$ cat upload27.cif   # mmCIF, C-alpha atoms
data_start
loop_
_atom_site.label_atom_id
_atom_site.label_comp_id
_atom_site.auth_asym_id
_atom_site.auth_seq_id
_atom_site.Cartn_x
_atom_site.Cartn_y
_atom_site.Cartn_z
CA MET B 1386 -6.79 -21.74 -13.04
CA VAL B 1387 -8.85 -23.46 -10.33
CA LYS B 1388 -8.45 -26.75 -12.17
CA GLN B 1389 -4.68 -26.34 -12.18
CA PHE B 1390 -4.64 -25.49 -8.47
CA LEU B 1391 -6.71 -28.57 -7.63
CA MET B 1392 -4.41 -30.70 -9.78
CA ASN B 1393 -1.42 -29.27 -7.94
CA LEU B 1394 -3.04 -30.10 -4.58
CA LEU B 1395 -3.75 -33.63 -5.80
CA LEU B 1396 -0.11 -34.05 -6.83
CA ALA B 1397 1.00 -32.79 -3.41
CA PHE B 1398 -1.27 -35.29 -1.64
CA ILE B 1399 0.00 -38.08 -3.89
CA TRP B 1400 3.55 -37.07 -2.96
CA VAL B 1401 2.67 -37.22 0.75
CA ALA B 1402 1.03 -40.62 0.29
CA LEU B 1403 3.99 -42.03 -1.63
CA THR B 1404 6.57 -40.80 0.87
CA GLY B 1405 4.45 -41.74 3.89
CA VAL B 1406 5.56 -38.65 5.83
CA LEU B 1407 2.73 -36.33 6.86
CA TYR B 1408 4.56 -33.09 7.69
CA TYR B 1409 3.70 -29.69 6.31
CA THR B 1410 7.23 -29.32 4.92
CA ASN B 1411 6.78 -32.55 2.97
CA PHE B 1412 3.42 -31.32 1.69
CA LEU B 1413 4.96 -27.98 0.62
CA PHE B 1414 7.78 -29.82 -1.11
CA GLY B 1415 5.24 -32.01 -2.91
CA PHE B 1416 3.31 -28.88 -3.90
CA ALA B 1417 6.51 -27.36 -5.32
CA VAL B 1418 7.37 -30.56 -7.20
CA GLY B 1419 3.82 -30.75 -8.57
CA PHE B 1420 3.97 -27.08 -9.59
CA PHE B 1421 7.25 -27.66 -11.43
CA LEU B 1422 5.93 -30.78 -13.19
CA MET B 1423 2.74 -29.01 -14.25
CA TRP B 1424 4.78 -26.06 -15.50
CA LEU B 1425 6.93 -28.42 -17.59
CA MET B 1426 3.83 -30.08 -19.08
CA ASN B 1427 2.00 -26.78 -19.82
CA ARG B 1428 4.84 -24.68 -21.26
CA ASN B 1429 3.34 -24.63 -24.75
CA GLU B 1430 -0.22 -23.77 -23.73
CA SER B 1431 -1.56 -20.23 -23.97
CA ASP B 1432 -2.96 -19.89 -20.43
CA HIS B 1433 -0.08 -19.27 -18.00
CA ARG B 1434 -2.01 -17.34 -15.32
CA TYR B 1435 -1.60 -20.04 -12.69
CA PHE B 1436 2.15 -20.21 -13.20
CA THR B 1437 2.55 -16.44 -12.86
CA ARG B 1438 0.12 -15.91 -9.98
CA VAL B 1439 1.41 -18.59 -7.60
CA PRO B 1440 4.93 -17.05 -7.36
CA LYS B 1441 3.33 -13.61 -6.94
CA ILE B 1442 1.13 -14.92 -4.11
CA ILE B 1443 4.15 -16.44 -2.39
CA GLY B 1444 6.08 -13.19 -2.84
CA PHE B 1445 3.19 -11.17 -1.43
CA PHE B 1446 2.92 -13.47 1.58
CA LEU B 1447 6.67 -13.17 2.28
CA TYR B 1448 6.54 -9.37 1.87
CA PHE B 1449 3.56 -9.16 4.23
CA LEU B 1450 5.37 -11.37 6.75
CA TYR B 1451 8.45 -9.12 6.54
CA GLU B 1452 6.39 -5.96 7.05
CA MET B 1453 4.48 -7.57 9.93
CA ILE B 1454 7.68 -8.58 11.74
CA LYS B 1455 9.24 -5.16 11.14
CA ALA B 1456 6.17 -3.36 12.52
CA ASN B 1457 5.95 -5.71 15.52
CA ILE B 1458 9.58 -5.03 16.41
CA GLN B 1459 9.01 -1.28 16.08
CA VAL B 1460 5.93 -1.34 18.34
CA ALA B 1461 7.58 -3.69 20.87
CA TYR B 1462 10.71 -1.52 21.03
CA ASP B 1463 8.59 1.55 21.63
CA MET B 1464 6.71 -0.16 24.45
CA VAL B 1465 9.77 -1.41 26.36
CA THR B 1466 11.79 1.81 26.16
CA PRO B 1467 10.99 4.67 28.53
CA LYS B 1468 10.81 7.25 25.72
CA PHE B 1469 7.93 7.12 23.23
CA PHE B 1470 8.84 7.35 19.56
CA MET B 1471 5.24 7.56 18.36
CA LYS B 1472 4.28 10.27 15.89
CA PRO B 1473 0.64 9.47 15.18
CA GLY B 1474 -1.15 10.90 12.19
CA ILE B 1475 -3.98 10.36 9.75
CA VAL B 1476 -3.15 9.87 6.10
CA LYS B 1477 -5.48 10.40 3.15
CA TYR B 1478 -4.40 7.58 0.86
CA PRO B 1479 -5.51 7.69 -2.82
CA MET B 1480 -6.10 4.13 -4.01
CA ASN B 1481 -5.65 2.48 -7.38
CA ALA B 1482 -7.90 -0.38 -6.23
CA LYS B 1483 -11.33 -0.19 -7.85
CA SER B 1484 -13.45 -3.23 -6.98
CA GLU B 1485 -14.94 -4.07 -3.60
CA VAL B 1486 -12.71 -7.14 -3.26
CA GLU B 1487 -9.53 -5.17 -4.00
CA ILE B 1488 -10.46 -2.40 -1.55
CA ASN B 1489 -11.46 -4.89 1.14
CA LEU B 1490 -8.27 -6.96 0.83
CA LEU B 1491 -6.06 -3.86 0.76
CA SER B 1492 -7.69 -2.37 3.83
CA THR B 1493 -7.49 -5.72 5.66
CA VAL B 1494 -3.79 -6.15 4.90
CA ILE B 1495 -3.03 -2.59 6.01
CA SER B 1496 -5.03 -3.01 9.23
CA LEU B 1497 -3.31 -6.32 10.04
CA THR B 1498 0.04 -4.56 10.11
CA PRO B 1499 0.72 -3.27 13.65
CA GLY B 1500 0.78 0.50 13.91
CA THR B 1501 -1.78 1.11 11.15
CA LEU B 1502 -5.55 1.12 11.19
CA ILE B 1503 -8.10 1.90 8.48
CA LEU B 1504 -10.50 4.57 9.69
CA ASP B 1505 -12.77 5.01 6.69
CA VAL B 1506 -13.23 4.59 2.96
CA SER B 1507 -14.49 7.62 1.07
CA GLU B 1508 -17.94 7.63 -0.52
CA ASP B 1509 -16.50 7.48 -4.05
CA ARG B 1510 -14.26 4.52 -3.06
CA LYS B 1511 -11.07 6.30 -4.18
CA VAL B 1512 -9.52 7.27 -0.83
CA LEU B 1513 -8.63 5.38 2.34
CA TYR B 1514 -8.16 7.21 5.62
CA ILE B 1515 -5.41 5.48 7.59
CA HIS B 1516 -4.31 6.12 11.17
CA VAL B 1517 -0.56 5.59 11.42
CA MET B 1518 1.26 5.26 14.75
CA TYR B 1519 4.73 6.08 13.41
CA LEU B 1520 4.29 8.72 10.72
CA LYS B 1521 7.54 10.45 9.82
CA ASN B 1522 6.69 11.52 6.28
CA LYS B 1523 3.22 11.27 4.70
CA GLU B 1524 4.47 11.09 1.12
CA GLN B 1525 6.97 8.37 1.99
CA PHE B 1526 4.26 6.36 3.78
CA ILE B 1527 1.89 6.70 0.81
CA GLN B 1528 4.63 5.64 -1.60
CA GLN B 1529 5.53 2.67 0.61
CA ILE B 1530 1.92 1.41 0.58
CA LYS B 1531 1.54 2.07 -3.16
CA ASP B 1532 4.78 0.29 -4.12
CA GLY B 1533 4.35 -2.46 -1.55
CA PHE B 1534 0.97 -3.76 -0.52
CA GLU B 1535 -1.23 -2.24 -3.21
CA ARG B 1536 0.98 -2.95 -6.22
CA LYS B 1537 1.64 -6.55 -5.18
CA LEU B 1538 -2.00 -7.18 -4.30
CA LEU B 1539 -3.30 -5.75 -7.59
CA GLU B 1540 -0.78 -7.81 -9.56
CA ILE B 1541 -2.32 -10.91 -8.04
CA LEU B 1542 -5.96 -9.90 -8.46
CA ARG B 1543 -5.85 -8.41 -11.95
#
$ encode --input "upload27.cif" --output "structure tokens"
Amino acid sequence: MVKQFLMNLLLAFIWVALTGVLYYTNFLFGFAVGFFLMWLMNRNESDHRYFTRVPKIIGFFLYFLYEMIKANIQVAYDMVTPKFFMKPGIVKYPMNAKSEVEINLLSTVISLTPGTLILDVSEDRKVLYIHVMYLKNKEQFIQQIKDGFERKLLEILR
């Protein structure tokens, strides 16, 4: 998979060199063209992990960006209005993540979202304690993290 990623980067740099335009949009377009060409050439091979993970990584990044913007707007709206809409709470979140890398990435992504903060990880590494600024329903919040960040992150890592 690393070899395919490096080949895709090489194709993107070749695209940039051939077009002579050094903009990030041109590089991203070259990366997409290289990805498509590599996918066409490797359709009959058995290892398709690279071609399934790259779209999942892009989807996770876009989902994270959406959640970040949504949380920023919610926090900014609460700060500029005279009435506070905060309903803080602490949630005991049961994780499906098992390894140190999965737990670390999940807790980092949750903490990067405004309005949430990881307080602690349990000793048995099965529960995260999360402080939430806008907690309306604990079960709904847990389901949102499970179906959103954790599911998408574990699809990429496993």
$ resolve_selection --input "upload27.cif" --expression "the PyMOL selection byres ((chain B and resi 1486-1497) around 8)" --output "PDB file with C-alpha atoms, in the coordinates of the input"
ATOM      1  CA  PHE B1449       3.560  -9.160   4.230  1.00  0.00           C
ATOM      2  CA  MET B1453       4.480  -7.570   9.930  1.00  0.00           C
ATOM      3  CA  ALA B1482      -7.900  -0.380  -6.230  1.00  0.00           C
ATOM      4  CA  LYS B1483     -11.330  -0.190  -7.850  1.00  0.00           C
ATOM      5  CA  SER B1484     -13.450  -3.230  -6.980  1.00  0.00           C
ATOM      6  CA  GLU B1485     -14.940  -4.070  -3.600  1.00  0.00           C
ATOM      7  CA  THR B1498       0.040  -4.560  10.110  1.00  0.00           C
ATOM      8  CA  PRO B1499       0.720  -3.270  13.650  1.00  0.00           C
ATOM      9  CA  THR B1501      -1.780   1.110  11.150  1.00  0.00           C
ATOM     10  CA  LEU B1502      -5.550   1.120  11.190  1.00  0.00           C
ATOM     11  CA  ILE B1503      -8.100   1.900   8.480  1.00  0.00           C
ATOM     12  CA  LEU B1513      -8.630   5.380   2.340  1.00  0.00           C
ATOM     13  CA  PHE B1534       0.970  -3.760  -0.520  1.00  0.00           C
ATOM     14  CA  GLU B1535      -1.230  -2.240  -3.210  1.00  0.00           C
ATOM     15  CA  LEU B1538      -2.000  -7.180  -4.300  1.00  0.00           C
ATOM     16  CA  LEU B1539      -3.300  -5.750  -7.590  1.00  0.00           C
ATOM     17  CA  LEU B1542      -5.960  -9.900  -8.460  1.00  0.00           C
TER      18      LEU B1542
END
$ atom_distance --input "upload27.cif" --atom1 "CA of Ala1417 in chain B" --atom2 "CA of Ala1397 in chain B"
8.0 Å
$ residues_around --input "upload27.cif" --residues "range 1427-1436 of chain B" --least-positions-apart "5" --cutoff "8 Å" --atoms "all atoms listed in the file" --output "ChimeraX atom specification"
/B:1386,1389-1390,1420
$ write_last_selection --input "upload27.cif" --atoms "C-alpha atoms" --output "PDB file, in the frame of the given file"
ATOM      1  CA  MET B1386      -6.790 -21.740 -13.040  1.00  0.00           C
ATOM      2  CA  GLN B1389      -4.680 -26.340 -12.180  1.00  0.00           C
ATOM      3  CA  PHE B1390      -4.640 -25.490  -8.470  1.00  0.00           C
ATOM      4  CA  PHE B1420       3.970 -27.080  -9.590  1.00  0.00           C
TER       5      PHE B1420
END
$ resolve_selection --input "upload27.cif" --expression "the PyMOL selection byres ((chain B and resi 1520) around 7)" --output "ChimeraX atom specification"
/B:1472-1474,1517-1519,1521-1523
$ write_last_selection --input "upload27.cif" --atoms "C-alpha atoms" --output "mmCIF file, keeping the file's coordinate frame"
data_model
loop_
_atom_site.group_PDB
_atom_site.id
_atom_site.type_symbol
_atom_site.label_atom_id
_atom_site.label_comp_id
_atom_site.auth_asym_id
_atom_site.auth_seq_id
_atom_site.Cartn_x
_atom_site.Cartn_y
_atom_site.Cartn_z
ATOM 1 C CA LYS B 1472 4.280 10.270 15.890
ATOM 2 C CA PRO B 1473 0.640 9.470 15.180
ATOM 3 C CA GLY B 1474 -1.150 10.900 12.190
ATOM 4 C CA VAL B 1517 -0.560 5.590 11.420
ATOM 5 C CA MET B 1518 1.260 5.260 14.750
ATOM 6 C CA TYR B 1519 4.730 6.080 13.410
ATOM 7 C CA LYS B 1521 7.540 10.450 9.820
ATOM 8 C CA ASN B 1522 6.690 11.520 6.280
ATOM 9 C CA LYS B 1523 3.220 11.270 4.700
#
$ closest_residue --input "upload27.cif" --among "B:Leu1447, B:Tyr1514, B:Asn1393, B:Ile1475" --to "Gly1533 in chain B" --atoms "all atoms listed in the file"
B:Leu1447
$ build_atoms --input "upload27.cif" --residues "range 1528-1539 of chain B" --atoms "all heavy atoms" --output "PDB file, in the coordinates of the input"
ATOM      1  N   GLN B1528       3.848   6.325  -0.571  1.00  0.00           N
ATOM      2  CA  GLN B1528       4.630   5.640  -1.600  1.00  0.00           C
ATOM      3  C   GLN B1528       4.966   4.215  -1.187  1.00  0.00           C
ATOM      4  O   GLN B1528       4.952   3.297  -2.009  1.00  0.00           O
ATOM      5  CB  GLN B1528       5.913   6.432  -1.898  1.00  0.00           C
ATOM      6  CG  GLN B1528       6.520   6.104  -3.222  1.00  0.00           C
ATOM      7  CD  GLN B1528       5.592   6.391  -4.379  1.00  0.00           C
ATOM      8  OE1 GLN B1528       4.859   7.366  -4.403  1.00  0.00           O
ATOM      9  NE2 GLN B1528       5.596   5.510  -5.362  1.00  0.00           N
ATOM     10  N   GLN B1529       5.225   4.016   0.105  1.00  0.00           N
ATOM     11  CA  GLN B1529       5.530   2.670   0.610  1.00  0.00           C
ATOM     12  C   GLN B1529       4.319   1.741   0.450  1.00  0.00           C
ATOM     13  O   GLN B1529       4.465   0.597   0.035  1.00  0.00           O
ATOM     14  CB  GLN B1529       5.941   2.749   2.077  1.00  0.00           C
ATOM     15  CG  GLN B1529       6.287   1.420   2.672  1.00  0.00           C
ATOM     16  CD  GLN B1529       6.626   1.527   4.153  1.00  0.00           C
ATOM     17  OE1 GLN B1529       6.651   2.609   4.723  1.00  0.00           O
ATOM     18  NE2 GLN B1529       6.867   0.402   4.773  1.00  0.00           N
ATOM     19  N   ILE B1530       3.125   2.234   0.748  1.00  0.00           N
ATOM     20  CA  ILE B1530       1.920   1.410   0.580  1.00  0.00           C
ATOM     21  C   ILE B1530       1.649   1.169  -0.903  1.00  0.00           C
ATOM     22  O   ILE B1530       1.315   0.057  -1.312  1.00  0.00           O
ATOM     23  CB  ILE B1530       0.704   2.087   1.254  1.00  0.00           C
ATOM     24  CG1 ILE B1530       0.913   2.204   2.754  1.00  0.00           C
ATOM     25  CG2 ILE B1530      -0.578   1.330   0.950  1.00  0.00           C
ATOM     26  CD1 ILE B1530       0.910   0.909   3.503  1.00  0.00           C
ATOM     27  N   LYS B1531       1.793   2.212  -1.727  1.00  0.00           N
ATOM     28  CA  LYS B1531       1.540   2.070  -3.160  1.00  0.00           C
ATOM     29  C   LYS B1531       2.490   1.066  -3.807  1.00  0.00           C
ATOM     30  O   LYS B1531       2.068   0.216  -4.583  1.00  0.00           O
ATOM     31  CB  LYS B1531       1.695   3.427  -3.857  1.00  0.00           C
ATOM     32  CG  LYS B1531       0.439   4.210  -3.933  1.00  0.00           C
ATOM     33  CD  LYS B1531       0.450   5.118  -5.138  1.00  0.00           C
ATOM     34  CE  LYS B1531      -0.755   5.997  -5.147  1.00  0.00           C
ATOM     35  NZ  LYS B1531      -2.010   5.280  -5.081  1.00  0.00           N
ATOM     36  N   ASP B1532       3.785   1.176  -3.506  1.00  0.00           N
ATOM     37  CA  ASP B1532       4.780   0.290  -4.120  1.00  0.00           C
ATOM     38  C   ASP B1532       4.815  -1.090  -3.475  1.00  0.00           C
ATOM     39  O   ASP B1532       5.311  -2.031  -4.084  1.00  0.00           O
ATOM     40  CB  ASP B1532       6.172   0.922  -4.025  1.00  0.00           C
ATOM     41  CG  ASP B1532       6.305   2.163  -4.880  1.00  0.00           C
ATOM     42  OD1 ASP B1532       5.487   2.333  -5.807  1.00  0.00           O
ATOM     43  OD2 ASP B1532       7.214   2.968  -4.614  1.00  0.00           O
ATOM     44  N   GLY B1533       4.304  -1.191  -2.258  1.00  0.00           N
ATOM     45  CA  GLY B1533       4.350  -2.460  -1.550  1.00  0.00           C
ATOM     46  C   GLY B1533       3.046  -3.212  -1.632  1.00  0.00           C
ATOM     47  O   GLY B1533       2.800  -3.976  -2.564  1.00  0.00           O
ATOM     48  N   PHE B1534       2.203  -2.979  -0.645  1.00  0.00           N
ATOM     49  CA  PHE B1534       0.970  -3.760  -0.520  1.00  0.00           C
ATOM     50  C   PHE B1534       0.055  -3.626  -1.731  1.00  0.00           C
ATOM     51  O   PHE B1534      -0.406  -4.631  -2.273  1.00  0.00           O
ATOM     52  CB  PHE B1534       0.201  -3.344   0.737  1.00  0.00           C
ATOM     53  CG  PHE B1534       0.837  -3.795   2.017  1.00  0.00           C
ATOM     54  CD1 PHE B1534       1.017  -2.909   3.063  1.00  0.00           C
ATOM     55  CD2 PHE B1534       1.259  -5.093   2.194  1.00  0.00           C
ATOM     56  CE1 PHE B1534       1.600  -3.315   4.247  1.00  0.00           C
ATOM     57  CE2 PHE B1534       1.846  -5.517   3.366  1.00  0.00           C
ATOM     58  CZ  PHE B1534       2.015  -4.616   4.389  1.00  0.00           C
ATOM     59  N   GLU B1535      -0.229  -2.405  -2.151  1.00  0.00           N
ATOM     60  CA  GLU B1535      -1.230  -2.240  -3.210  1.00  0.00           C
ATOM     61  C   GLU B1535      -0.749  -2.785  -4.545  1.00  0.00           C
ATOM     62  O   GLU B1535      -1.484  -3.500  -5.228  1.00  0.00           O
ATOM     63  CB  GLU B1535      -1.613  -0.757  -3.353  1.00  0.00           C
ATOM     64  CG  GLU B1535      -2.768  -0.575  -4.299  1.00  0.00           C
ATOM     65  CD  GLU B1535      -3.301   0.841  -4.325  1.00  0.00           C
ATOM     66  OE1 GLU B1535      -2.553   1.781  -4.026  1.00  0.00           O
ATOM     67  OE2 GLU B1535      -4.482   0.999  -4.652  1.00  0.00           O
ATOM     68  N   ARG B1536       0.474  -2.480  -4.926  1.00  0.00           N
ATOM     69  CA  ARG B1536       0.980  -2.950  -6.220  1.00  0.00           C
ATOM     70  C   ARG B1536       1.007  -4.478  -6.260  1.00  0.00           C
ATOM     71  O   ARG B1536       0.546  -5.101  -7.216  1.00  0.00           O
ATOM     72  CB  ARG B1536       2.371  -2.390  -6.495  1.00  0.00           C
ATOM     73  CG  ARG B1536       2.931  -2.801  -7.835  1.00  0.00           C
ATOM     74  CD  ARG B1536       4.334  -2.253  -8.074  1.00  0.00           C
ATOM     75  NE  ARG B1536       5.269  -2.652  -7.058  1.00  0.00           N
ATOM     76  CZ  ARG B1536       5.910  -3.825  -7.032  1.00  0.00           C
ATOM     77  NH1 ARG B1536       5.685  -4.730  -7.969  1.00  0.00           N
ATOM     78  NH2 ARG B1536       6.768  -4.096  -6.072  1.00  0.00           N
ATOM     79  N   LYS B1537       1.537  -5.094  -5.206  1.00  0.00           N
ATOM     80  CA  LYS B1537       1.640  -6.550  -5.180  1.00  0.00           C
ATOM     81  C   LYS B1537       0.264  -7.216  -5.139  1.00  0.00           C
ATOM     82  O   LYS B1537       0.036  -8.236  -5.790  1.00  0.00           O
ATOM     83  CB  LYS B1537       2.469  -6.989  -3.982  1.00  0.00           C
ATOM     84  CG  LYS B1537       3.949  -6.621  -4.099  1.00  0.00           C
ATOM     85  CD  LYS B1537       4.698  -7.005  -2.856  1.00  0.00           C
ATOM     86  CE  LYS B1537       6.120  -6.554  -2.870  1.00  0.00           C
ATOM     87  NZ  LYS B1537       6.937  -7.115  -3.907  1.00  0.00           N
ATOM     88  N   LEU B1538      -0.662  -6.623  -4.397  1.00  0.00           N
ATOM     89  CA  LEU B1538      -2.000  -7.180  -4.300  1.00  0.00           C
ATOM     90  C   LEU B1538      -2.741  -7.069  -5.641  1.00  0.00           C
ATOM     91  O   LEU B1538      -3.402  -8.019  -6.076  1.00  0.00           O
ATOM     92  CB  LEU B1538      -2.794  -6.472  -3.200  1.00  0.00           C
ATOM     93  CG  LEU B1538      -4.132  -7.060  -2.834  1.00  0.00           C
ATOM     94  CD1 LEU B1538      -3.955  -8.435  -2.229  1.00  0.00           C
ATOM     95  CD2 LEU B1538      -4.854  -6.154  -1.849  1.00  0.00           C
ATOM     96  N   LEU B1539      -2.619  -5.924  -6.305  1.00  0.00           N
ATOM     97  CA  LEU B1539      -3.300  -5.750  -7.590  1.00  0.00           C
ATOM     98  C   LEU B1539      -2.684  -6.614  -8.684  1.00  0.00           C
ATOM     99  O   LEU B1539      -3.379  -7.027  -9.613  1.00  0.00           O
ATOM    100  CB  LEU B1539      -3.294  -4.273  -7.991  1.00  0.00           C
ATOM    101  CG  LEU B1539      -4.129  -3.348  -7.099  1.00  0.00           C
ATOM    102  CD1 LEU B1539      -4.049  -1.922  -7.599  1.00  0.00           C
ATOM    103  CD2 LEU B1539      -5.552  -3.806  -6.994  1.00  0.00           C
TER     104      LEU B1539
END
